[in-house]
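The block underneath contains the structure these notes are about, expressed in structure tokens.
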Amino acid sequence: MKKTESGEIIRFGVSMDEVLLSKFDELITSRGYTNRSEAIRDLVRAELVKESWAKGKTSQVALLGLVYRHEHGDLMHRLMHLQHEHAQLIISNLHVHLDSDNCLEVLILKGPTETIEHLAEQLLSTKGVKFGQLMRATTGKEI
Ligand code: NI
């Protein structure tokens with residue numbers, strides 16, 4: 001048996017309704033998977049990551065994307081103030097000037113689940129932020 005970082009590869013059978021299976025095959029093919037095993041592994045990993053966020057782990061990684069108008073009142077000042085207050089949580093950031101008015105900012109956050117979510121909520125609810133989303137990722141260690 002082939003061994004991975006996390007353990008031995010185990011083969012197992014899955015019983016599934018043929019209609020459901022054909023929908024699954026269509027879905028994974030459209031997403032670029034060439035076999036069911038890799039698609040199932042990714043689905044399991046995604047659920048494990050989701051579960052680890054629900055459990056409130058102490059070391060998580062997330063990406064926060066924000067789109068805003070840089071000249072909207074004191075928005076820039078408020079966003080910068082929040083980021084400086086949580087400097088230890090922000091391990092990297094990227095700022096792109098999309099056009100003459102709009103900016104896209106991506107923050108890479110690392111730290112406890114609750115702290116990341118709290119900062120994300122504060123940034124996302126800042127008046128003038130047009131769009132934003134927190135992508136709850138993983139350090140990758142346990143999956
Ligand atoms: Ni900008």
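In the structure tokens, the first chain shown is A, the next is B, and so on; residue numbers restart at 1 for each chain, and ligands run from 1 in the order shown.
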Item to complete: Compute the set of protein, DNA and RNA residues whose minimum atom distance to ligand 1 is at most 12 Å, using only C-alpha atoms and all ligand atoms, and state it as a PyMOL selection string.
Response: chain A and resi 66-72+75-76+94-106
Worksheet item: So which residues touch stretch 46-56 of chain A within 8 Å, counting only C-alpha atoms, skipping near sequence neighbours fewer than 4 positions away, as a list in words?
Response: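 Final neighbour list, sorted by chain and number: Asp42, Gln60, Pro112, Thr113, Glu114, Arg136, Ala137, Thr138 and Ile143 of chain A.
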Practice prompt. Can you work out which one of A:Arg31, A:Lys141, A:His86, A:Arg41 has the shortest atom-to-atom distance to A:Leu123, counting only C-alpha atoms?
Written response: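 Of A:Arg31, A:Lys141, A:His86, A:Arg41, the one nearest A:Leu123 is A:His86, counting only C-alpha atoms.
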Practice prompt. Would you list, as an MDAnalysis selection string, the residues of chain A that end up in strand (DSSP E) under DSSP run on this structure's backbone?
Written response: chainID A and resid 60:69 90:97 102:111 129:136
Worksheet entry | Point-to-point distance in Å for atom CA of A:Ser37 and atom CA of A:Ile10 | 11.1 Å
Practice prompt. Would you mind writing down, as a ChimeraX atom specification, each residue of chain A that DSSP on the backbone assigns to helix (DSSP H, G or I)?
Written response: /A:18-30,36-54,75-85,113-124
